[in-house]
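upload20.tsv (TSV, C-alpha atoms)
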```tsv
chain	number	residue	atom	x	y	z
A	13	MET	CA	119.45	83.79	108.05
A	14	PRO	CA	116.44	81.59	108.89
A	15	ALA	CA	114.91	82.05	112.34
A	16	THR	CA	113.60	79.01	114.17
A	17	VAL	CA	110.28	78.77	115.93
A	18	VAL	CA	110.24	76.27	118.78
A	19	GLY	CA	107.54	75.55	121.33
A	20	ASP	CA	104.58	73.51	122.37
A	21	PRO	CA	103.70	70.91	119.68
A	22	GLN	CA	100.01	71.83	119.90
A	23	CYS	CA	100.83	75.45	119.14
A	24	LEU	CA	103.17	74.53	116.32
A	25	GLY	CA	100.55	72.23	114.88
A	26	LEU	CA	98.12	75.12	114.82
A	27	LEU	CA	100.70	77.39	113.26
A	28	SER	CA	101.49	74.74	110.71
A	29	LYS	CA	97.82	74.59	109.67
A	30	LEU	CA	97.61	78.38	109.31
A	31	LEU	CA	100.77	78.61	107.24
A	32	ALA	CA	100.22	75.42	105.23
A	33	PRO	CA	100.09	77.08	101.77
A	34	PHE	CA	103.56	78.48	102.30
A	35	SER	CA	105.13	75.21	103.42
A	36	SER	CA	105.53	73.73	99.96
A	37	ARG	CA	107.48	76.69	98.65
A	38	ALA	CA	111.19	76.54	97.98
A	39	PHE	CA	113.22	78.81	100.23
A	40	ALA	CA	114.45	80.68	97.16
A	41	ASP	CA	110.91	81.90	96.62
A	42	PRO	CA	110.90	85.58	97.56
A	43	CYS	CA	107.53	85.29	99.28
A	44	ALA	CA	106.91	83.83	102.73
A	45	ALA	CA	108.76	80.56	103.23
A	46	PHE	CA	108.00	78.16	106.03
A	47	ARG	CA	109.03	74.56	106.57
A	48	GLN	CA	109.07	71.84	109.16
A	49	LEU	CA	112.50	70.62	110.17
A	50	SER	CA	113.35	66.96	110.59
A	51	ASP	CA	113.32	67.32	114.38
A	52	GLY	CA	109.75	68.63	114.38
A	53	ARG	CA	110.61	72.30	114.77
A	54	TYR	CA	109.60	74.95	112.26
A	55	ALA	CA	111.87	77.29	110.35
A	56	VAL	CA	111.07	80.51	108.58
A	57	GLU	CA	113.16	83.18	106.93
A	58	THR	CA	112.50	86.08	109.24
A	59	ALA	CA	113.86	87.97	112.22
A	60	THR	CA	114.04	86.67	115.80
A	61	LEU	CA	110.74	85.55	117.23
A	62	CYS	CA	109.76	85.80	120.86
A	63	THR	CA	106.31	85.63	122.39
A	64	SER	CA	104.25	83.85	125.03
A	65	GLY	CA	100.60	83.15	125.73
A	66	THR	CA	97.97	80.51	125.14
A	67	CYS	CA	98.42	78.13	122.27
A	68	GLU	CA	95.86	80.01	120.14
A	69	ALA	CA	97.25	83.43	121.01
A	70	VAL	CA	100.82	82.38	120.24
A	71	ALA	CA	99.79	80.77	116.98
A	72	ASP	CA	97.79	83.88	116.04
A	73	PHE	CA	100.74	86.13	116.87
A	74	CYS	CA	103.25	83.91	115.08
A	75	GLU	CA	101.07	83.72	111.99
A	76	TRP	CA	100.91	87.50	111.83
A	77	LEU	CA	104.59	87.99	112.62
A	78	LEU	CA	105.93	85.36	110.26
A	79	VAL	CA	103.77	86.38	107.35
A	80	THR	CA	104.42	90.10	107.79
A	81	GLN	CA	108.12	89.63	108.30
A	82	ALA	CA	108.33	87.42	105.25
A	83	ALA	CA	106.35	89.98	103.25
A	84	ILE	CA	108.69	92.75	104.39
A	85	HIS	CA	111.61	90.68	103.16
A	86	CYS	CA	109.80	90.39	99.86
A	87	GLY	CA	110.95	93.94	99.23
A	88	ASP	CA	111.23	93.77	95.47
A	89	HIS	CA	107.44	93.64	95.19
A	90	LEU	CA	105.23	96.67	95.59
A	91	GLN	CA	103.01	95.85	98.55
A	92	LEU	CA	99.57	97.35	98.92
A	93	HIS	CA	96.97	96.78	101.59
A	94	GLY	CA	94.07	95.18	99.80
A	95	GLY	CA	92.39	92.20	98.23
A	96	ALA	CA	92.57	90.80	94.70
A	97	VAL	CA	90.33	88.41	92.81
A	98	GLN	CA	90.48	86.73	89.42
A	99	ARG	CA	88.06	85.18	86.95
A	100	ALA	CA	89.33	84.10	83.53
A	101	GLU	CA	91.25	87.08	82.13
A	102	GLN	CA	89.86	89.49	84.69
A	103	LEU	CA	92.03	90.37	87.65
A	104	ILE	CA	90.53	92.96	89.96
A	105	LEU	CA	92.42	94.71	92.75
A	106	LEU	CA	90.44	95.80	95.82
A	107	PRO	CA	92.89	98.02	97.69
A	108	GLY	CA	91.79	99.33	101.07
A	109	LEU	CA	92.64	99.61	104.72
A	110	SER	CA	91.06	97.51	107.48
A	111	GLY	CA	87.38	98.33	107.77
A	112	SER	CA	86.99	99.34	104.13
A	113	GLY	CA	85.20	96.06	103.45
A	114	LYS	CA	87.82	94.35	101.33
A	115	THR	CA	87.51	90.89	102.95
A	116	THR	CA	83.72	90.89	102.67
A	117	LEU	CA	83.94	92.14	99.10
A	118	THR	CA	86.53	89.46	98.29
A	119	LEU	CA	84.09	86.86	99.64
A	120	GLY	CA	81.25	88.43	97.64
A	121	MET	CA	83.33	88.22	94.46
A	122	MET	CA	84.20	84.59	95.26
A	123	ALA	CA	80.48	83.83	95.42
A	124	SER	CA	80.27	85.13	91.83
A	125	GLY	CA	82.91	82.75	90.54
A	126	PHE	CA	86.08	84.72	91.18
A	127	LEU	CA	89.10	83.12	92.82
A	128	PRO	CA	90.99	85.09	95.46
A	129	LEU	CA	94.66	86.03	95.22
A	130	THR	CA	94.60	87.73	98.60
A	131	ASP	CA	92.26	89.59	100.91
A	132	ASP	CA	95.01	91.38	102.74
A	133	LEU	CA	98.26	92.12	100.94
A	134	ILE	CA	98.61	92.77	97.22
A	135	LEU	CA	102.08	91.83	95.92
A	136	LEU	CA	102.82	93.55	92.62
A	137	ASP	CA	105.93	92.62	90.65
A	138	PRO	CA	107.27	96.03	89.54
A	139	ARG	CA	108.92	94.66	86.40
A	140	GLN	CA	106.15	92.41	85.07
A	141	SER	CA	103.27	94.48	86.49
A	142	THR	CA	101.77	91.20	87.66
A	143	VAL	CA	100.07	90.44	90.95
A	144	ARG	CA	100.84	87.14	92.60
A	145	PRO	CA	98.72	85.09	94.98
A	146	PHE	CA	99.38	85.52	98.69
A	147	GLU	CA	97.66	82.56	100.28
A	148	ARG	CA	97.42	83.86	103.79
A	149	CYS	CA	94.38	82.88	105.88
A	150	PHE	CA	91.55	85.39	105.96
A	151	HIS	CA	90.99	86.93	109.38
A	152	VAL	CA	87.27	86.69	109.97
A	153	ASP	CA	84.89	87.53	112.75
A	154	ALA	CA	81.53	85.84	113.40
A	155	SER	CA	79.56	88.26	111.23
A	156	THR	CA	81.91	87.75	108.26
A	157	LEU	CA	81.57	83.99	108.66
A	158	THR	CA	77.79	84.37	108.63
A	159	ILE	CA	78.04	86.35	105.38
A	160	ALA	CA	80.30	83.66	103.89
A	161	SER	CA	77.77	81.01	104.86
A	162	GLU	CA	74.86	83.03	103.41
A	163	LEU	CA	76.83	83.42	100.19
A	164	GLY	CA	77.14	79.62	100.01
A	165	LEU	CA	80.91	79.72	100.36
A	166	ASN	CA	81.35	77.16	103.11
A	167	LYS	CA	82.50	74.47	100.68
A	168	GLN	CA	85.02	76.82	99.12
A	169	LEU	CA	86.58	77.67	102.46
A	170	ILE	CA	88.52	75.83	105.10
A	171	LEU	CA	86.57	77.02	108.11
A	172	PRO	CA	87.82	77.96	111.61
A	173	GLU	CA	86.89	74.54	113.00
A	174	ALA	CA	89.63	73.02	110.84
A	175	LEU	CA	92.09	75.89	111.34
A	176	ALA	CA	91.85	78.17	114.36
A	177	GLN	CA	89.36	80.59	115.82
A	178	GLY	CA	89.17	83.74	113.72
A	179	PHE	CA	90.71	82.25	110.55
A	180	CYS	CA	89.41	80.73	107.36
A	181	ARG	CA	91.19	79.98	104.10
A	182	PRO	CA	89.99	79.53	100.52
A	183	ARG	CA	90.58	76.04	99.13
A	184	HIS	CA	91.49	77.40	95.70
A	185	TRP	CA	93.44	80.48	94.66
A	186	GLY	CA	93.84	82.52	91.51
A	187	VAL	CA	97.12	82.65	89.59
A	188	SER	CA	99.55	85.50	88.86
A	189	GLY	CA	98.33	87.99	86.29
A	190	VAL	CA	98.17	91.60	85.19
A	191	PRO	CA	95.42	93.64	86.90
A	192	THR	CA	92.59	94.63	84.56
A	193	CYS	CA	90.66	96.85	86.96
A	194	ILE	CA	91.17	98.51	90.34
A	195	VAL	CA	88.26	99.20	92.67
A	196	LEU	CA	88.80	100.99	95.97
A	197	PRO	CA	85.98	99.85	98.24
A	198	ARG	CA	84.44	102.02	100.93
A	199	TYR	CA	81.86	100.24	103.01
A	200	CYS	CA	79.58	102.89	104.44
A	201	PRO	CA	76.43	101.74	106.29
A	202	GLY	CA	73.35	103.57	105.03
A	203	ALA	CA	75.18	105.10	102.07
A	204	LYS	CA	73.77	105.18	98.58
A	205	LEU	CA	75.78	103.18	96.04
A	206	GLU	CA	78.27	105.47	94.36
A	207	LEU	CA	80.88	104.67	91.74
A	208	ASN	CA	83.49	107.19	90.66
A	209	ARG	CA	86.21	106.77	88.09
A	210	LEU	CA	89.49	108.19	89.35
A	211	ARG	CA	91.97	110.09	87.23
A	212	PRO	CA	95.43	108.46	87.16
A	213	ALA	CA	96.82	111.07	89.58
A	214	GLN	CA	93.92	110.52	92.00
A	215	ALA	CA	94.42	106.76	91.74
A	216	TRP	CA	98.16	107.15	92.28
A	217	ILE	CA	97.67	109.16	95.45
A	218	ALA	CA	95.03	106.78	96.82
A	219	LEU	CA	97.21	103.74	96.15
A	220	ALA	CA	100.40	105.37	97.47
A	221	ASN	CA	98.61	105.84	100.78
A	222	LEU	CA	97.95	102.10	100.85
A	223	CYS	CA	101.55	101.08	100.15
A	224	MET	CA	103.41	99.30	102.90
A	225	VAL	CA	106.05	101.66	104.27
A	226	THR	CA	108.92	99.35	103.34
A	227	GLY	CA	107.77	99.28	99.74
A	228	LYS	CA	108.11	102.97	99.07
A	229	SER	CA	110.94	103.46	96.62
A	230	SER	CA	111.30	105.13	93.23
A	231	VAL	CA	111.12	101.72	91.48
A	232	HIS	CA	107.85	100.97	93.23
A	233	PHE	CA	106.46	104.41	92.51
A	234	SER	CA	107.28	104.02	88.82
A	235	ALA	CA	105.45	100.69	88.94
A	236	LEU	CA	102.53	102.45	90.59
A	237	SER	CA	102.51	105.04	87.79
A	238	ARG	CA	102.41	102.30	85.13
A	239	LEU	CA	99.65	100.54	87.05
A	240	VAL	CA	97.35	103.57	87.24
A	241	GLU	CA	98.06	104.53	83.63
A	242	GLN	CA	97.24	101.05	82.34
A	243	THR	CA	94.40	100.10	84.67
A	244	PRO	CA	91.02	101.80	85.03
A	245	THR	CA	90.53	102.74	88.68
A	246	TYR	CA	87.27	103.34	90.50
A	247	GLN	CA	86.12	104.14	93.99
A	248	ILE	CA	82.95	102.46	95.13
A	249	THR	CA	80.95	103.51	98.18
A	250	TYR	CA	78.42	100.89	99.16
A	251	ASP	CA	76.12	99.61	101.81
A	252	HIS	CA	74.82	96.36	100.27
A	253	LEU	CA	77.41	93.77	99.31
A	254	SER	CA	75.36	92.33	96.44
A	255	GLN	CA	75.03	95.77	94.81
A	256	ALA	CA	78.76	96.34	95.06
A	257	VAL	CA	79.59	92.93	93.56
A	258	GLU	CA	77.11	93.44	90.72
A	259	THR	CA	78.53	96.89	89.96
A	260	ILE	CA	82.10	95.64	89.92
A	261	ILE	CA	81.21	92.73	87.65
A	262	GLN	CA	79.52	95.15	85.24
A	263	LEU	CA	82.75	97.16	85.12
A	264	THR	CA	84.65	94.16	83.87
A	265	GLN	CA	82.23	93.30	81.07
B	24	MET	CA	116.92	133.28	98.62
B	25	ASN	CA	116.07	131.20	95.57
B	26	PRO	CA	113.63	128.35	96.15
B	27	ILE	CA	115.11	124.86	96.27
B	28	ALA	CA	113.02	121.70	96.07
B	29	ARG	CA	113.77	119.12	98.74
B	30	PRO	CA	115.86	116.50	96.93
B	31	ASP	CA	114.29	113.55	98.73
B	32	VAL	CA	110.80	114.37	97.44
B	33	LEU	CA	109.92	111.84	94.73
B	34	THR	CA	108.48	113.20	91.50
B	35	GLN	CA	106.25	111.10	89.26
B	36	GLN	CA	105.02	112.33	85.92
B	37	LEU	CA	101.96	110.60	84.53
B	38	ALA	CA	101.02	110.19	80.90
B	39	ASP	CA	98.03	112.53	81.25
B	40	GLY	CA	100.36	115.43	82.06
B	41	SER	CA	99.82	115.53	85.80
B	42	THR	CA	102.74	115.39	88.19
B	43	ILE	CA	102.78	113.93	91.67
B	44	LEU	CA	105.16	114.81	94.47
B	45	PHE	CA	105.57	112.21	97.19
B	46	ASP	CA	107.06	113.35	100.48
B	47	PRO	CA	108.76	110.29	102.04
B	48	GLN	CA	108.95	112.03	105.42
B	49	THR	CA	105.20	112.46	105.77
B	50	SER	CA	104.08	109.81	103.24
B	51	ILE	CA	101.81	112.43	101.71
B	52	ALA	CA	101.39	112.74	97.95
B	53	HIS	CA	100.57	116.05	96.25
B	54	GLU	CA	99.20	116.48	92.74
B	55	LEU	CA	100.51	119.33	90.59
B	56	ASN	CA	99.01	120.69	87.40
B	57	ALA	CA	101.21	121.54	84.41
B	58	THR	CA	102.02	125.04	85.72
B	59	GLY	CA	102.84	123.76	89.20
B	60	ALA	CA	105.06	121.06	87.72
B	61	LEU	CA	106.97	123.68	85.73
B	62	ILE	CA	107.51	125.84	88.81
B	63	TRP	CA	108.66	122.79	90.78
B	64	GLU	CA	111.17	122.03	88.03
B	65	TYR	CA	112.67	125.50	88.39
B	66	CYS	CA	113.03	125.21	92.19
B	67	ASP	CA	116.69	124.33	91.71
B	68	GLY	CA	118.33	127.17	93.63
B	69	GLU	CA	119.44	128.74	90.34
B	70	HIS	CA	116.21	130.61	89.65
B	71	SER	CA	114.68	133.43	91.67
B	72	ILE	CA	110.93	134.01	91.94
B	73	GLY	CA	111.32	136.71	89.29
B	74	ASP	CA	113.15	134.30	86.96
B	75	ILE	CA	110.46	131.65	87.38
B	76	ALA	CA	107.69	134.19	86.78
B	77	ALA	CA	109.45	135.36	83.63
B	78	LEU	CA	109.79	131.80	82.34
B	79	LEU	CA	106.12	131.13	83.01
B	80	ARG	CA	105.15	134.36	81.30
B	81	GLU	CA	106.92	133.13	78.18
B	82	CYS	CA	105.10	129.79	78.34
B	83	PHE	CA	101.61	130.97	79.21
B	84	ASP	CA	101.52	134.60	78.08
B	85	THR	CA	100.28	135.83	81.49
B	86	PRO	CA	100.56	139.49	82.62
B	87	THR	CA	103.76	140.11	84.66
B	88	VAL	CA	102.16	141.19	87.95
B	89	GLU	CA	99.65	138.35	87.99
B	90	CYS	CA	102.31	135.81	87.11
B	91	GLN	CA	104.66	136.92	89.91
B	92	LYS	CA	101.76	136.81	92.38
B	93	ASP	CA	100.74	133.28	91.31
B	94	VAL	CA	104.31	131.98	91.52
B	95	THR	CA	104.80	133.49	94.99
B	96	GLN	CA	101.51	132.03	96.18
B	97	PHE	CA	102.35	128.59	94.82
B	98	LEU	CA	105.84	128.63	96.37
B	99	GLU	CA	104.31	129.61	99.71
B	100	THR	CA	102.03	126.59	99.45
B	101	LEU	CA	105.02	124.36	98.73
B	102	GLN	CA	106.80	125.85	101.72
B	103	GLN	CA	103.79	125.39	104.00
B	104	ARG	CA	103.85	121.73	103.02
B	105	ALA	CA	107.59	121.63	103.80
B	106	LEU	CA	108.51	120.60	100.28
B	107	LEU	CA	111.16	123.28	99.84
B	108	ASN	CA	114.57	123.59	101.43
B	109	ALA	CA	115.06	127.33	101.18
B	110	SER	CA	112.74	130.06	102.38
B	111	VAL	CA	110.78	131.94	99.74
```
Starting from the coordinates I provided, produce the structure as structure tokens.
Amino acid sequence: MPATVVGDPQCLGLLSKLLAPFSSRAFADPCAAFRQLSDGRYAVETATLCTSGTCEAVADFCEWLLVTQAAIHCGDHLQLHGGAVQRAEQLILLPGLSGSGKTTLTLGMMASGFLPLTDDLILLDPRQSTVRPFERCFHVDASTLTIASELGLNKQLILPEALAQGFCRPRHWGVSGVPTCIVLPRYCPGAKLELNRLRPAQAWIALANLCMVTGKSSVHFSALSRLVEQTPTYQITYDHLSQAVETIIQLTQ
Amino acid sequence: MNPIARPDVLTQQLADGSTILFDPQTSIAHELNATGALIWEYCDGEHSIGDIAALLRECFDTPTVECQKDVTQFLETLQQRALLNASV
């Protein structure tokens, strides 16, 4: 049953901007659905929502809650923490927890002509083995925005000034496809660049640890097995973004 | 008591011959080699440690004493990781 978000118009306007890519979706779509009602309120398919705070804080909280709740309801997909990028036939998964460098690496790959599918939550269809785009805003701090600017990505991104503090969103996204390569990033300041190919069992264990708790079922684990058997998986430890991007691109050639 | 594998532990066999056990209670995955996978398969409550050692001996042509010791050690590891129901 859809839950309804009501509140200050300024806050809802902000929320509407953050969730804009999801607003055009039909409610039957299993991913996050969000729409504006005729009376100006907003409706989403999720559980009850209750919060308070400044306009920005409420919008930030709602964005997180609505997107995560919607993703949880998208239970038929295997959900992994991580980013994904695509260029032509190449679709690279960048699974990793917060702090592993997946957002920065996603931006680095974008600067090399890749389109993002997500920087946050990988949605894998267990039957088709395809990954779909998840057009959630990127959560970015000042240093990540500086990197994006240095990479010349400002025109490819909707920046915080047009969204909300701490958020940016790519203007263009990749399309659903079968992953061709998996790279587990590990940003480690001062570390020497290191690339290791993982055996399927090692890859399986690493990816299982990055699965969302709600997505852990035998169907999803079978999908994970097919994924690691069909897709070469690497772990990259890096300090310099450009080196990591270059190494990953070489893997796909 | 014969060893019994916890029924809620998910088993995944990969094409390269390795087997993974996933414990949904701890969310920890464990990789087994071919021998470990075979022992796990026989943790059905029907086979004693001696039975499992005998079956392995047939498969791998290992001396009896060594085989029994390896099986016991492996089952102890499984028990330490709380993957078995019955005590070894």
For A:Glu147, find every residue with an atom within 9 Å (counting all atoms listed in the file), except residues of its own chain fewer than 4 positions away, and show them as an MDAnalysis selection string. chainID A and resid 31 33:34 128:131 181:182 185
Interface, chain A side, toward chain B (12 Å; all atoms listed in the file) as a PyMOL selection string: chain A and resi 211-242
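Each of B:Ala77, B:Val88, B:Leu106, B:His70 was checked against B:Gln48 using all atoms listed in the file; the smallest atom-to-atom distance is that of B:Leu106.
Interatomic distance, atom CA of A:Ile170 to atom CA of A:Arg183: 6.3 Å.
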As a ChimeraX atom specification, please: the residues near A:Thr264 (cut-off 9 Å, all atoms listed in the file, same-chain neighbours under 5 positions excluded). /A:102,104,192-193
Selected residues, C-alpha atoms, written as a compact mmCIF listing (two decimals), keeping the file's coordinate frame, please.
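Once written, again_27.txt looks like this:
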```
# COMPACT_ATOMS: atom_id res chain seq x y z
CA GLN A 102 89.86 89.49 84.69
CA ILE A 104 90.53 92.96 89.96
CA THR A 192 92.59 94.63 84.56
CA CYS A 193 90.66 96.85 86.96
```
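Of note, atom CA of B:Leu61 and atom CA of B:Glu99 are spaced 15.4 Å apart.
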If I put a ball of radius 12 Å at (90.7, 87.2, 78.1) in the file's coordinates, which residues poke into it when counting all atoms listed in the file, written as an MDAnalysis selection string? chainID A and resid 98:103 189:192 264:265
re atom CA of A:Asp72 and atom CA of A:Ser112: distance 22.3 Å
So that I can see what lies close to A:Leu135, please list as a ChimeraX atom specification the residues with an atom at most 6 Å from it, counting all atoms listed in the file and leaving out residues fewer than 6 positions away in the same chain. /A:89-91,143-144
Please provide as a list in words all residues within 9 Å of B:Thr95, with the sequence filter that same-chain residues fewer than 5 positions apart are discarded (counting all atoms listed in the file). Ile72, Ala76, Cys90, Thr100 and Val111 of chain B
May I have the protein, DNA and RNA residues with an atom at most 10 Å from (103.2, 131.2, 92.3), counting only C-alpha atoms in the file's coordinates, returned as an MDAnalysis selection string? chainID B and resid 58:59 62 72 75:76 79 89:101
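Contact shell of B:Ile27 at 6 Å (only C-alpha atoms; same-chain neighbours under 5 positions omitted): Cys66, Asp67, Gly68, Leu107, Asn108 and Ala109 of chain B.
Take the candidates A:Met121, A:Leu106, A:Ala256, A:Ala96 and check each one against A:Leu165 using all atoms listed in the file; the shortest distance goes to A:Met121.
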